[in-house]
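upload.pdb, holding PDB, C-alpha atoms, pLDDT in the B column:
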```
ATOM      1  CA  MET A  23    -180.856 130.189  23.796  1.00 47.00           C
ATOM      2  CA  SER A  24    -181.026 126.755  22.153  1.00 49.00           C
ATOM      3  CA  ALA A  25    -180.439 123.621  24.221  1.00 54.00           C
ATOM      4  CA  PRO A  26    -176.998 122.058  23.858  1.00 61.00           C
ATOM      5  CA  LEU A  27    -176.739 119.157  21.447  1.00 67.00           C
ATOM      6  CA  PRO A  28    -176.892 115.723  23.039  1.00 88.00           C
ATOM      7  CA  PHE A  29    -173.634 113.864  22.485  1.00 95.00           C
ATOM      8  CA  PRO A  30    -171.539 116.812  21.303  1.00 96.00           C
ATOM      9  CA  LEU A  31    -168.272 116.215  19.497  1.00 96.00           C
ATOM     10  CA  ALA A  32    -165.341 116.010  21.907  1.00 97.00           C
ATOM     11  CA  GLU A  33    -163.370 119.228  22.029  1.00 94.00           C
ATOM     12  CA  ALA A  34    -159.701 119.251  21.199  1.00 95.00           C
ATOM     13  CA  PRO A  35    -157.681 118.584  24.366  1.00 97.00           C
ATOM     14  CA  ASP A  36    -155.847 121.382  26.106  1.00 97.00           C
ATOM     15  CA  ASP A  37    -152.043 121.367  26.043  1.00 98.00           C
ATOM     16  CA  ALA A  38    -151.672 119.376  29.263  1.00 98.00           C
ATOM     17  CA  ALA A  39    -154.155 116.689  28.250  1.00 98.00           C
ATOM     18  CA  ARG A  40    -152.686 116.467  24.764  1.00 98.00           C
ATOM     19  CA  GLU A  41    -149.196 115.999  26.208  1.00 98.00           C
ATOM     20  CA  ALA A  42    -150.406 113.320  28.644  1.00 97.00           C
ATOM     21  CA  GLY A  43    -151.926 111.435  25.747  1.00 97.00           C
ATOM     22  CA  ARG A  44    -148.820 111.846  23.627  1.00 97.00           C
ATOM     23  CA  LEU A  45    -146.559 110.576  26.400  1.00 96.00           C
ATOM     24  CA  LEU A  46    -148.775 107.549  27.081  1.00 96.00           C
ATOM     25  CA  PHE A  47    -148.610 106.418  23.484  1.00 96.00           C
ATOM     26  CA  ALA A  48    -145.047 107.561  22.786  1.00 95.00           C
ATOM     27  CA  ALA A  49    -143.855 104.840  25.174  1.00 94.00           C
ATOM     28  CA  PRO A  50    -143.746 101.275  23.824  1.00 93.00           C
ATOM     29  CA  THR A  51    -147.036  99.437  23.395  1.00 95.00           C
ATOM     30  CA  GLU A  52    -146.605  95.687  23.136  1.00 94.00           C
ATOM     31  CA  PHE A  53    -148.829  92.754  22.229  1.00 94.00           C
ATOM     32  CA  LEU A  54    -149.341  90.680  25.397  1.00 95.00           C
ATOM     33  CA  LYS A  55    -151.582  87.770  24.430  1.00 94.00           C
ATOM     34  CA  GLY A  56    -154.640  86.642  22.551  1.00 92.00           C
ATOM     35  CA  VAL A  57    -157.369  85.130  24.697  1.00 90.00           C
ATOM     36  CA  VAL A  58    -159.927  82.555  23.550  1.00 88.00           C
ATOM     37  CA  ALA A  59    -161.500  81.836  26.970  1.00 90.00           C
ATOM     38  CA  MET A  60    -162.094  83.787  30.171  1.00 91.00           C
ATOM     39  CA  SER A  61    -159.583  81.565  31.969  1.00 93.00           C
ATOM     40  CA  GLY A  62    -156.839  83.026  29.783  1.00 94.00           C
ATOM     41  CA  LEU A  63    -157.371  86.669  30.779  1.00 95.00           C
ATOM     42  CA  PRO A  64    -154.284  88.413  32.207  1.00 95.00           C
ATOM     43  CA  PRO A  65    -154.348  89.531  35.857  1.00 93.00           C
ATOM     44  CA  ASP A  66    -156.707  92.443  36.496  1.00 92.00           C
ATOM     45  CA  ASP A  67    -153.911  94.494  38.036  1.00 93.00           C
ATOM     46  CA  ARG A  68    -154.473  97.705  36.054  1.00 96.00           C
ATOM     47  CA  LEU A  69    -157.202  99.610  34.289  1.00 97.00           C
ATOM     48  CA  GLU A  70    -158.145  98.615  30.796  1.00 97.00           C
ATOM     49  CA  VAL A  71    -160.065 100.051  27.891  1.00 98.00           C
ATOM     50  CA  CYS A  72    -161.528  98.004  25.081  1.00 97.00           C
ATOM     51  CA  PHE A  73    -162.365  98.645  21.467  1.00 97.00           C
ATOM     52  CA  ALA A  74    -165.461  97.042  19.980  1.00 94.00           C
ATOM     53  CA  GLY A  75    -166.852  97.389  16.506  1.00 93.00           C
ATOM     54  CA  ARG A  76    -168.358  95.705  13.498  1.00 90.00           C
ATOM     55  CA  SER A  77    -165.988  93.825  11.257  1.00 84.00           C
ATOM     56  CA  ASN A  78    -164.318  96.157   8.778  1.00 87.00           C
ATOM     57  CA  VAL A  79    -165.069  99.291  10.821  1.00 94.00           C
ATOM     58  CA  GLY A  80    -161.374 100.154  10.968  1.00 93.00           C
ATOM     59  CA  LYS A  81    -160.639  98.970  14.495  1.00 93.00           C
ATOM     60  CA  SER A  82    -157.135  97.657  13.833  1.00 92.00           C
ATOM     61  CA  SER A  83    -156.254 100.791  11.893  1.00 94.00           C
ATOM     62  CA  LEU A  84    -157.425 102.970  14.780  1.00 96.00           C
ATOM     63  CA  ILE A  85    -155.391 101.038  17.365  1.00 96.00           C
ATOM     64  CA  ASN A  86    -152.351 101.255  15.112  1.00 95.00           C
ATOM     65  CA  ALA A  87    -152.870 105.009  14.689  1.00 96.00           C
ATOM     66  CA  LEU A  88    -153.221 105.526  18.446  1.00 97.00           C
ATOM     67  CA  THR A  89    -150.015 103.655  19.206  1.00 95.00           C
ATOM     68  CA  GLY A  90    -148.096 104.920  16.204  1.00 93.00           C
ATOM     69  CA  ARG A  91    -147.254 101.349  15.213  1.00 90.00           C
ATOM     70  CA  LYS A  92    -148.575 100.267  11.845  1.00 85.00           C
ATOM     71  CA  GLY A  93    -148.399  96.535  12.427  1.00 83.00           C
ATOM     72  CA  LEU A  94    -149.414  96.286  16.091  1.00 88.00           C
ATOM     73  CA  ALA A  95    -153.040  95.279  15.521  1.00 83.00           C
ATOM     74  CA  ARG A  96    -153.388  93.113  12.463  1.00 73.00           C
ATOM     75  CA  ALA A  97    -155.658  94.778   9.939  1.00 58.00           C
ATOM     76  CA  SER A  98    -157.406  92.366   7.623  1.00 52.00           C
ATOM     77  CA  ASN A  99    -159.542  92.627   4.526  1.00 50.00           C
ATOM     78  CA  THR A 100    -161.411  89.544   5.711  1.00 49.00           C
ATOM     79  CA  PRO A 101    -164.189  90.569   8.147  1.00 49.00           C
ATOM     80  CA  GLY A 102    -164.280  88.496  11.320  1.00 48.00           C
ATOM     81  CA  ARG A 103    -160.722  87.239  11.049  1.00 50.00           C
ATOM     82  CA  THR A 104    -159.833  88.319  14.582  1.00 58.00           C
ATOM     83  CA  GLN A 105    -161.197  85.485  16.720  1.00 72.00           C
ATOM     84  CA  GLU A 106    -159.531  86.360  20.011  1.00 84.00           C
ATOM     85  CA  ILE A 107    -159.592  89.085  22.631  1.00 91.00           C
ATOM     86  CA  ASN A 108    -156.179  90.660  22.072  1.00 92.00           C
ATOM     87  CA  PHE A 109    -154.441  92.424  24.967  1.00 95.00           C
ATOM     88  CA  PHE A 110    -151.797  95.100  24.492  1.00 96.00           C
ATOM     89  CA  THR A 111    -149.749  96.655  27.278  1.00 96.00           C
ATOM     90  CA  THR A 112    -148.915 100.333  27.541  1.00 95.00           C
ATOM     91  CA  THR A 113    -146.010 101.514  29.665  1.00 93.00           C
ATOM     92  CA  ASP A 114    -147.414 102.597  33.062  1.00 90.00           C
ATOM     93  CA  GLY A 115    -150.885 102.832  31.512  1.00 94.00           C
ATOM     94  CA  PRO A 116    -153.953 100.694  30.874  1.00 97.00           C
ATOM     95  CA  TYR A 117    -154.326  97.537  28.876  1.00 97.00           C
ATOM     96  CA  LEU A 118    -155.665  98.206  25.397  1.00 97.00           C
ATOM     97  CA  VAL A 119    -158.074  95.419  24.528  1.00 96.00           C
ATOM     98  CA  ASP A 120    -159.037  94.614  20.949  1.00 94.00           C
ATOM     99  CA  LEU A 121    -162.320  92.703  20.922  1.00 91.00           C
ATOM    100  CA  PRO A 122    -163.380  90.355  18.121  1.00 84.00           C
ATOM    101  CA  GLY A 123    -165.282  92.132  15.376  1.00 82.00           C
ATOM    102  CA  TYR A 124    -169.020  91.504  15.327  1.00 79.00           C
ATOM    103  CA  GLY A 125    -171.566  91.426  12.532  1.00 71.00           C
ATOM    104  CA  TYR A 126    -169.564  88.830  10.614  1.00 60.00           C
ATOM    105  CA  ALA A 127    -170.889  87.999   7.189  1.00 55.00           C
ATOM    106  CA  ASN A 128    -168.958  84.864   6.256  1.00 63.00           C
ATOM    107  CA  ALA A 129    -167.855  83.127   9.467  1.00 68.00           C
ATOM    108  CA  PRO A 130    -169.411  79.730  10.305  1.00 75.00           C
ATOM    109  CA  LEU A 131    -172.254  79.985  12.826  1.00 78.00           C
ATOM    110  CA  PRO A 132    -170.560  77.915  15.602  1.00 80.00           C
ATOM    111  CA  ILE A 133    -167.546  80.246  15.480  1.00 75.00           C
ATOM    112  CA  VAL A 134    -169.786  83.310  15.607  1.00 74.00           C
ATOM    113  CA  GLU A 135    -171.633  81.909  18.634  1.00 80.00           C
ATOM    114  CA  LYS A 136    -168.341  81.145  20.398  1.00 81.00           C
ATOM    115  CA  TRP A 137    -167.095  84.719  19.789  1.00 78.00           C
ATOM    116  CA  GLN A 138    -170.370  86.143  21.044  1.00 78.00           C
ATOM    117  CA  ARG A 139    -170.242  84.123  24.266  1.00 84.00           C
ATOM    118  CA  LEU A 140    -166.672  85.195  24.940  1.00 87.00           C
ATOM    119  CA  LEU A 141    -167.510  88.832  24.186  1.00 84.00           C
ATOM    120  CA  LYS A 142    -170.490  88.819  26.556  1.00 86.00           C
ATOM    121  CA  SER A 143    -168.529  87.097  29.327  1.00 90.00           C
ATOM    122  CA  TYR A 144    -165.703  89.599  29.081  1.00 92.00           C
ATOM    123  CA  LEU A 145    -167.888  92.716  28.956  1.00 88.00           C
ATOM    124  CA  SER A 146    -170.042  91.643  31.874  1.00 86.00           C
ATOM    125  CA  GLY A 147    -167.311  90.232  34.084  1.00 84.00           C
ATOM    126  CA  ARG A 148    -164.184  92.394  33.916  1.00 91.00           C
ATOM    127  CA  ALA A 149    -164.062  94.671  36.963  1.00 90.00           C
ATOM    128  CA  THR A 150    -161.060  96.699  35.755  1.00 94.00           C
ATOM    129  CA  LEU A 151    -162.677  97.638  32.435  1.00 96.00           C
ATOM    130  CA  ARG A 152    -162.962 101.401  32.710  1.00 96.00           C
ATOM    131  CA  ARG A 153    -164.447 102.283  29.332  1.00 97.00           C
ATOM    132  CA  ALA A 154    -165.448 100.619  26.093  1.00 97.00           C
ATOM    133  CA  PHE A 155    -165.004 102.483  22.852  1.00 98.00           C
ATOM    134  CA  VAL A 156    -167.672 101.410  20.382  1.00 98.00           C
ATOM    135  CA  LEU A 157    -166.502 102.148  16.859  1.00 98.00           C
ATOM    136  CA  ILE A 158    -169.095 103.323  14.364  1.00 98.00           C
ATOM    137  CA  ASP A 159    -168.386 103.724  10.653  1.00 97.00           C
ATOM    138  CA  ALA A 160    -169.079 107.407  10.002  1.00 97.00           C
ATOM    139  CA  ARG A 161    -170.319 106.576   6.512  1.00 96.00           C
ATOM    140  CA  HIS A 162    -173.144 104.386   7.780  1.00 95.00           C
ATOM    141  CA  GLY A 163    -174.024 105.413  11.336  1.00 97.00           C
ATOM    142  CA  VAL A 164    -175.327 103.041  14.026  1.00 97.00           C
ATOM    143  CA  LYS A 165    -176.512  99.634  12.785  1.00 95.00           C
ATOM    144  CA  ASP A 166    -178.803  97.236  14.644  1.00 92.00           C
ATOM    145  CA  VAL A 167    -175.837  94.991  15.495  1.00 89.00           C
ATOM    146  CA  ASP A 168    -174.163  98.013  17.158  1.00 93.00           C
ATOM    147  CA  ASP A 169    -177.309  98.508  19.241  1.00 93.00           C
ATOM    148  CA  GLU A 170    -177.010  94.919  20.461  1.00 88.00           C
ATOM    149  CA  ILE A 171    -173.507  95.524  21.805  1.00 90.00           C
ATOM    150  CA  MET A 172    -174.551  98.853  23.332  1.00 94.00           C
ATOM    151  CA  SER A 173    -177.482  97.139  25.079  1.00 92.00           C
ATOM    152  CA  LEU A 174    -175.089  94.518  26.459  1.00 89.00           C
ATOM    153  CA  LEU A 175    -172.882  97.330  27.795  1.00 93.00           C
ATOM    154  CA  ASP A 176    -175.980  98.964  29.347  1.00 94.00           C
ATOM    155  CA  ARG A 177    -176.843  95.729  31.140  1.00 91.00           C
ATOM    156  CA  SER A 178    -173.221  95.262  32.240  1.00 90.00           C
ATOM    157  CA  ALA A 179    -173.024  98.869  33.530  1.00 91.00           C
ATOM    158  CA  VAL A 180    -169.920  99.483  31.427  1.00 94.00           C
ATOM    159  CA  THR A 181    -169.581 103.076  30.251  1.00 96.00           C
ATOM    160  CA  PHE A 182    -169.029 103.224  26.515  1.00 97.00           C
ATOM    161  CA  GLN A 183    -168.092 106.044  24.199  1.00 98.00           C
ATOM    162  CA  ALA A 184    -168.915 106.128  20.508  1.00 98.00           C
ATOM    163  CA  VAL A 185    -165.958 106.727  18.207  1.00 98.00           C
ATOM    164  CA  LEU A 186    -166.805 107.451  14.592  1.00 98.00           C
ATOM    165  CA  THR A 187    -164.204 106.060  12.204  1.00 98.00           C
ATOM    166  CA  LYS A 188    -163.393 106.894   8.568  1.00 97.00           C
ATOM    167  CA  ALA A 189    -164.687 110.444   9.017  1.00 96.00           C
ATOM    168  CA  ASP A 190    -162.571 111.574   6.066  1.00 96.00           C
ATOM    169  CA  LYS A 191    -164.736 109.413   3.785  1.00 96.00           C
ATOM    170  CA  VAL A 192    -167.926 111.342   4.623  1.00 96.00           C
ATOM    171  CA  LYS A 193    -169.022 114.289   2.509  1.00 93.00           C
ATOM    172  CA  ALA A 194    -169.628 117.473   4.460  1.00 89.00           C
ATOM    173  CA  THR A 195    -173.228 117.486   3.216  1.00 90.00           C
ATOM    174  CA  ASP A 196    -173.856 114.034   4.758  1.00 94.00           C
ATOM    175  CA  ARG A 197    -172.067 114.573   8.058  1.00 94.00           C
ATOM    176  CA  GLU A 198    -174.853 116.255  10.018  1.00 94.00           C
ATOM    177  CA  LYS A 199    -177.389 113.670   8.875  1.00 96.00           C
ATOM    178  CA  ILE A 200    -175.151 110.839  10.096  1.00 96.00           C
ATOM    179  CA  LEU A 201    -174.413 112.603  13.393  1.00 96.00           C
ATOM    180  CA  LYS A 202    -178.143 113.127  13.964  1.00 96.00           C
ATOM    181  CA  GLN A 203    -178.803 109.414  13.454  1.00 97.00           C
ATOM    182  CA  VAL A 204    -175.959 108.448  15.799  1.00 97.00           C
ATOM    183  CA  ARG A 205    -177.179 110.832  18.510  1.00 97.00           C
ATOM    184  CA  GLU A 206    -180.721 109.516  18.281  1.00 96.00           C
ATOM    185  CA  ARG A 207    -179.599 105.911  18.627  1.00 97.00           C
ATOM    186  CA  LEU A 208    -177.199 106.657  21.490  1.00 97.00           C
ATOM    187  CA  SER A 209    -179.872 108.531  23.437  1.00 96.00           C
ATOM    188  CA  LYS A 210    -181.572 105.186  24.127  1.00 96.00           C
ATOM    189  CA  HIS A 211    -178.540 103.783  25.938  1.00 97.00           C
ATOM    190  CA  PRO A 212    -177.975 104.772  29.585  1.00 96.00           C
ATOM    191  CA  ALA A 213    -174.346 103.582  29.580  1.00 96.00           C
ATOM    192  CA  ALA A 214    -173.376 105.874  26.686  1.00 97.00           C
ATOM    193  CA  TYR A 215    -170.830 108.538  27.591  1.00 97.00           C
ATOM    194  CA  PRO A 216    -172.274 111.875  26.432  1.00 96.00           C
ATOM    195  CA  GLU A 217    -169.573 112.810  23.942  1.00 97.00           C
ATOM    196  CA  LEU A 218    -168.612 111.644  20.443  1.00 98.00           C
ATOM    197  CA  VAL A 219    -165.127 111.334  18.989  1.00 98.00           C
ATOM    198  CA  LEU A 220    -164.760 111.820  15.241  1.00 97.00           C
ATOM    199  CA  THR A 221    -161.650 110.130  13.840  1.00 98.00           C
ATOM    200  CA  SER A 222    -159.766 109.301  10.688  1.00 97.00           C
ATOM    201  CA  SER A 223    -156.905 106.851  11.092  1.00 96.00           C
ATOM    202  CA  GLU A 224    -155.712 107.725   7.591  1.00 94.00           C
ATOM    203  CA  LYS A 225    -155.613 111.495   8.144  1.00 96.00           C
ATOM    204  CA  GLY A 226    -154.879 111.430  11.892  1.00 96.00           C
ATOM    205  CA  ASP A 227    -158.025 113.379  12.764  1.00 97.00           C
ATOM    206  CA  GLY A 228    -159.193 112.906  16.348  1.00 98.00           C
ATOM    207  CA  ILE A 229    -156.258 110.681  17.332  1.00 98.00           C
ATOM    208  CA  ALA A 230    -154.769 113.202  19.793  1.00 98.00           C
ATOM    209  CA  THR A 231    -158.224 113.692  21.308  1.00 98.00           C
ATOM    210  CA  LEU A 232    -158.751 109.961  21.821  1.00 98.00           C
ATOM    211  CA  ARG A 233    -155.244 109.552  23.269  1.00 98.00           C
ATOM    212  CA  ALA A 234    -155.959 112.335  25.772  1.00 98.00           C
ATOM    213  CA  ILE A 235    -159.287 110.736  26.754  1.00 98.00           C
ATOM    214  CA  ILE A 236    -157.614 107.391  27.444  1.00 98.00           C
ATOM    215  CA  ALA A 237    -154.750 109.008  29.370  1.00 97.00           C
ATOM    216  CA  GLY A 238    -157.264 110.916  31.514  1.00 96.00           C
ATOM    217  CA  LEU A 239    -159.203 107.862  32.711  1.00 95.00           C
ATOM    218  CA  ASP A 240    -158.720 106.764  36.303  1.00 81.00           C
TER     219      ASP A 240
END
```
Here is a file; write its structure as structure tokens.
Amino acid sequence: MSAPLPFPLAEAPDDAAREAGRLLFAAPTEFLKGVVAMSGLPPDDRLEVCFAGRSNVGKSSLINALTGRKGLARASNTPGRTQEINFFTTTDGPYLVDLPGYGYANAPLPIVEKWQRLLKSYLSGRATLRRAFVLIDARHGVKDVDDEIMSLLDRSAVTFQAVLTKADKVKATDREKILKQVRERLSKHPAAYPELVLTSSEKGDGIATLRAIIAGLD
């Protein structure tokens, strides 16, 4: 019998888990505040999950798909436009935290360095952060800049789970090659949760699975 694949794709949730996820995100999700310094963080009075990813990976689109609100997280065609840590509240659930995109191509260096410092401070110093979701573009796999964030999460002992975005844009013939590359890169990171989530915000693929995962965290 062959050994199980490392980092298998997350299975579809059972009925109970799917319903828990649906209920969590059926209730209103509201923008709370944008934070530009650690002193501005809201009280750590509940669990939170964060979403990290390279600029233009589809992070805003994924958050909007999860919450069922198209304009909640501002999607932009300009990479690196989000310069704050944005907090969203769920009803009786965790904070959803949208981190600044990384791997910016056009932002001025001082701004990039400021974002990076804030990102590192948040990831290493937030006790209520239960899981980070690191978004990977399914068309390209893990880039070196993704590895940098994953290494920071390793050092901060923050469990992170890889979420592949834009899966509908990948040809079936390329999918296994990309998944193999992602699994190989993740295997070097001790903080990586051993399960992948394959999503398409446009088609809705994987959204119920990710909702159920978030609802099941404690």
Explicit residue set for the PyMOL selection byres ((chain A and resi 136) around 12), as a PyMOL selection string: chain A and resi 58-60+105-106+122+124+129-135+137-143
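Shortest atom-to-atom contact with Ser223 of chain A among A:Leu84, A:Ala160, A:Leu118, A:Val204: A:Leu84, counting all atoms listed in the file.
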Target residues per the PyMOL selection byres ((chain A and resi 210-216) around 10), formatted as a ChimeraX atom specification: /A:27-32,153-156,169,172-184,205-209,217-218
Non-local contacts of Leu121 of chain A (9 Å; only C-alpha atoms; under 2 positions in same chain excluded) as an MDAnalysis selection string: chainID A and resid 72:75 104:109 119 123:124 141
Residue nearest Arg197 of chain A among A:Asp159, A:Thr231, A:Lys225, A:Glu33 (counting only C-alpha atoms):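 For Arg197 of chain A, the nearest of the candidates is A:Asp159.
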Between atom CA of Arg96 of chain A and atom CA of Ser83 of chain A, distance in Å (one decimal):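 Those two atoms sit 8.2 Å apart.
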Separation of atom CA of Pro116 of chain A from atom CA of Ala230 of chain A, in Å and rounded to one decimal: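 Rounded to one decimal, the two atoms are 16.7 Å apart.
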Counting all atoms listed in the file, the option among A:Ser61, A:Thr195, A:Ser82, A:Thr51 closest to Thr111 of chain A: A:Thr51
Nearest to Lys199 of chain A, chosen from A:Val57, A:Ala34, A:Val164, A:Ile85, with all atoms listed in the file counted in the distances: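 Nearest candidate to Lys199 of chain A out of A:Val57, A:Ala34, A:Val164, A:Ile85: A:Val164.
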Coordinates-based distance that separates atom CA of Asp67 of chain A from atom CA of Arg40 of chain A (Å, one decimal):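 Atom-to-atom, atom CA of Arg40 of chain A to atom CA of Asp67 of chain A, that is 25.7 Å.
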Shell of 9 Å around Ser222 of chain A, only C-alpha atoms, local chain residues under 3 positions omitted, as an mmCIF file with C-alpha atoms, in the coordinates of the input:
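Result file is selection.cif:
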```cif
data_model
loop_
_atom_site.group_PDB
_atom_site.id
_atom_site.type_symbol
_atom_site.label_atom_id
_atom_site.label_comp_id
_atom_site.auth_asym_id
_atom_site.auth_seq_id
_atom_site.Cartn_x
_atom_site.Cartn_y
_atom_site.Cartn_z
ATOM 1 C CA LEU A 84 -157.425 102.970 14.780
ATOM 2 C CA LEU A 186 -166.805 107.451 14.592
ATOM 3 C CA THR A 187 -164.204 106.060 12.204
ATOM 4 C CA LYS A 188 -163.393 106.894 8.568
ATOM 5 C CA ALA A 189 -164.687 110.444 9.017
ATOM 6 C CA ASP A 190 -162.571 111.574 6.066
ATOM 7 C CA LYS A 191 -164.736 109.413 3.785
ATOM 8 C CA LYS A 225 -155.613 111.495 8.144
ATOM 9 C CA GLY A 226 -154.879 111.430 11.892
ATOM 10 C CA ASP A 227 -158.025 113.379 12.764
ATOM 11 C CA GLY A 228 -159.193 112.906 16.348
ATOM 12 C CA ILE A 229 -156.258 110.681 17.332
#
```
For Ala42 of chain A: contacts at 10 Å, all atoms listed in the file, fewer than 2 positions along chain excluded, given as a list in words: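 Final neighbour list, sorted by chain and number: Pro35, Asp37, Ala38, Ala39, Arg40, Arg44, Leu45, Leu46, Phe47, Ala48, Ala230, Arg233, Ala234, Ile235, Ile236, Ala237 and Gly238 of chain A.
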Ground truth for the PyMOL selection byres ((chain A and resi 53) around 6), written as an NGL selection string: :A and (52 or 54 or 110)
Give the centre and edge lengths of an axis-aligned box, in Å to one decimal, that holds all listed atoms of segment 27-42 of chain A with 6 Å on each side, as AutoDock Vina command-line options.
```
--center_x -163.0 --center_y 117.4 --center_z 24.4 --size_x 39.7 --size_y 20.1 --size_z 21.8
```
A:Ala49, A:Leu201, A:Val167, A:Leu63 ranked by distance to Leu88 of chain A, top pick (using all atoms listed in the file): A:Ala49
Given all atoms listed in the file as the counted atoms, nearest of A:Asp196, A:Glu41, A:Asp66, A:Asp36 to Gly163 of chain A: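 When distances to Gly163 of chain A are compared using all atoms listed in the file, the smallest one comes from A:Asp196.
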Would you mind completing segment 196-203 of chain A so that it carries all heavy atoms, and writing it out as a PDB file, in the coordinates of the input?
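Result went into out27.pdb, see below:
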```pdb
ATOM      1  N   ASP A 196    -173.242 115.206   4.109  1.00 94.00           N
ATOM      2  CA  ASP A 196    -173.856 114.034   4.758  1.00 94.00           C
ATOM      3  C   ASP A 196    -173.550 113.965   6.248  1.00 94.00           C
ATOM      4  O   ASP A 196    -174.196 113.209   6.978  1.00 94.00           O
ATOM      5  CB  ASP A 196    -173.359 112.749   4.095  1.00 94.00           C
ATOM      6  CG  ASP A 196    -173.797 112.643   2.647  1.00 94.00           C
ATOM      7  OD1 ASP A 196    -174.855 113.220   2.307  1.00 94.00           O
ATOM      8  OD2 ASP A 196    -173.078 111.990   1.852  1.00 94.00           O
ATOM      9  N   ARG A 197    -172.566 114.729   6.684  1.00 94.00           N
ATOM     10  CA  ARG A 197    -172.067 114.573   8.058  1.00 94.00           C
ATOM     11  C   ARG A 197    -173.137 114.830   9.110  1.00 94.00           C
ATOM     12  O   ARG A 197    -173.310 114.026  10.039  1.00 94.00           O
ATOM     13  CB  ARG A 197    -170.876 115.508   8.274  1.00 94.00           C
ATOM     14  CG  ARG A 197    -170.290 115.413   9.666  1.00 94.00           C
ATOM     15  CD  ARG A 197    -168.996 116.170   9.773  1.00 94.00           C
ATOM     16  NE  ARG A 197    -168.929 116.907  11.013  1.00 94.00           N
ATOM     17  CZ  ARG A 197    -167.838 117.448  11.509  1.00 94.00           C
ATOM     18  NH1 ARG A 197    -166.718 117.372  10.857  1.00 94.00           N
ATOM     19  NH2 ARG A 197    -167.855 118.106  12.644  1.00 94.00           N
ATOM     20  N   GLU A 198    -173.862 115.929   8.988  1.00 94.00           N
ATOM     21  CA  GLU A 198    -174.853 116.255  10.018  1.00 94.00           C
ATOM     22  C   GLU A 198    -175.979 115.230  10.067  1.00 94.00           C
ATOM     23  O   GLU A 198    -176.501 114.921  11.136  1.00 94.00           O
ATOM     24  CB  GLU A 198    -175.410 117.661   9.796  1.00 94.00           C
ATOM     25  CG  GLU A 198    -174.425 118.766  10.135  1.00 94.00           C
ATOM     26  CD  GLU A 198    -173.801 118.619  11.521  1.00 94.00           C
ATOM     27  OE1 GLU A 198    -174.544 118.336  12.486  1.00 94.00           O
ATOM     28  OE2 GLU A 198    -172.570 118.767  11.650  1.00 94.00           O
ATOM     29  N   LYS A 199    -176.338 114.697   8.916  1.00 96.00           N
ATOM     30  CA  LYS A 199    -177.389 113.670   8.875  1.00 96.00           C
ATOM     31  C   LYS A 199    -176.950 112.415   9.623  1.00 96.00           C
ATOM     32  O   LYS A 199    -177.712 111.837  10.408  1.00 96.00           O
ATOM     33  CB  LYS A 199    -177.722 113.326   7.420  1.00 96.00           C
ATOM     34  CG  LYS A 199    -178.836 112.318   7.254  1.00 96.00           C
ATOM     35  CD  LYS A 199    -179.213 112.142   5.786  1.00 96.00           C
ATOM     36  CE  LYS A 199    -178.092 111.474   5.011  1.00 96.00           C
ATOM     37  NZ  LYS A 199    -178.472 111.174   3.605  1.00 96.00           N
ATOM     38  N   ILE A 200    -175.692 112.015   9.400  1.00 96.00           N
ATOM     39  CA  ILE A 200    -175.151 110.839  10.096  1.00 96.00           C
ATOM     40  C   ILE A 200    -175.054 111.109  11.601  1.00 96.00           C
ATOM     41  O   ILE A 200    -175.435 110.264  12.427  1.00 96.00           O
ATOM     42  CB  ILE A 200    -173.768 110.463   9.531  1.00 96.00           C
ATOM     43  CG1 ILE A 200    -173.887 109.974   8.089  1.00 96.00           C
ATOM     44  CG2 ILE A 200    -173.097 109.414  10.409  1.00 96.00           C
ATOM     45  CD1 ILE A 200    -174.524 108.627   7.925  1.00 96.00           C
ATOM     46  N   LEU A 201    -174.541 112.274  11.970  1.00 96.00           N
ATOM     47  CA  LEU A 201    -174.413 112.603  13.393  1.00 96.00           C
ATOM     48  C   LEU A 201    -175.782 112.615  14.081  1.00 96.00           C
ATOM     49  O   LEU A 201    -175.913 112.160  15.221  1.00 96.00           O
ATOM     50  CB  LEU A 201    -173.720 113.955  13.570  1.00 96.00           C
ATOM     51  CG  LEU A 201    -172.213 113.992  13.287  1.00 96.00           C
ATOM     52  CD1 LEU A 201    -171.696 115.422  13.356  1.00 96.00           C
ATOM     53  CD2 LEU A 201    -171.454 113.104  14.269  1.00 96.00           C
ATOM     54  N   LYS A 202    -176.783 113.107  13.401  1.00 96.00           N
ATOM     55  CA  LYS A 202    -178.143 113.127  13.964  1.00 96.00           C
ATOM     56  C   LYS A 202    -178.633 111.706  14.231  1.00 96.00           C
ATOM     57  O   LYS A 202    -179.193 111.409  15.291  1.00 96.00           O
ATOM     58  CB  LYS A 202    -179.093 113.833  12.996  1.00 96.00           C
ATOM     59  CG  LYS A 202    -180.533 113.982  13.509  1.00 96.00           C
ATOM     60  CD  LYS A 202    -181.355 114.822  12.519  1.00 96.00           C
ATOM     61  CE  LYS A 202    -182.771 115.083  13.047  1.00 96.00           C
ATOM     62  NZ  LYS A 202    -183.600 113.879  13.049  1.00 96.00           N
ATOM     63  N   GLN A 203    -178.387 110.809  13.274  1.00 97.00           N
ATOM     64  CA  GLN A 203    -178.803 109.414  13.454  1.00 97.00           C
ATOM     65  C   GLN A 203    -178.070 108.768  14.622  1.00 97.00           C
ATOM     66  O   GLN A 203    -178.661 108.058  15.442  1.00 97.00           O
ATOM     67  CB  GLN A 203    -178.542 108.633  12.152  1.00 97.00           C
ATOM     68  CG  GLN A 203    -179.090 107.209  12.163  1.00 97.00           C
ATOM     69  CD  GLN A 203    -178.059 106.134  12.510  1.00 97.00           C
ATOM     70  OE1 GLN A 203    -176.932 106.436  12.894  1.00 97.00           O
ATOM     71  NE2 GLN A 203    -178.465 104.890  12.416  1.00 97.00           N
TER      72      GLN A 203
END
```
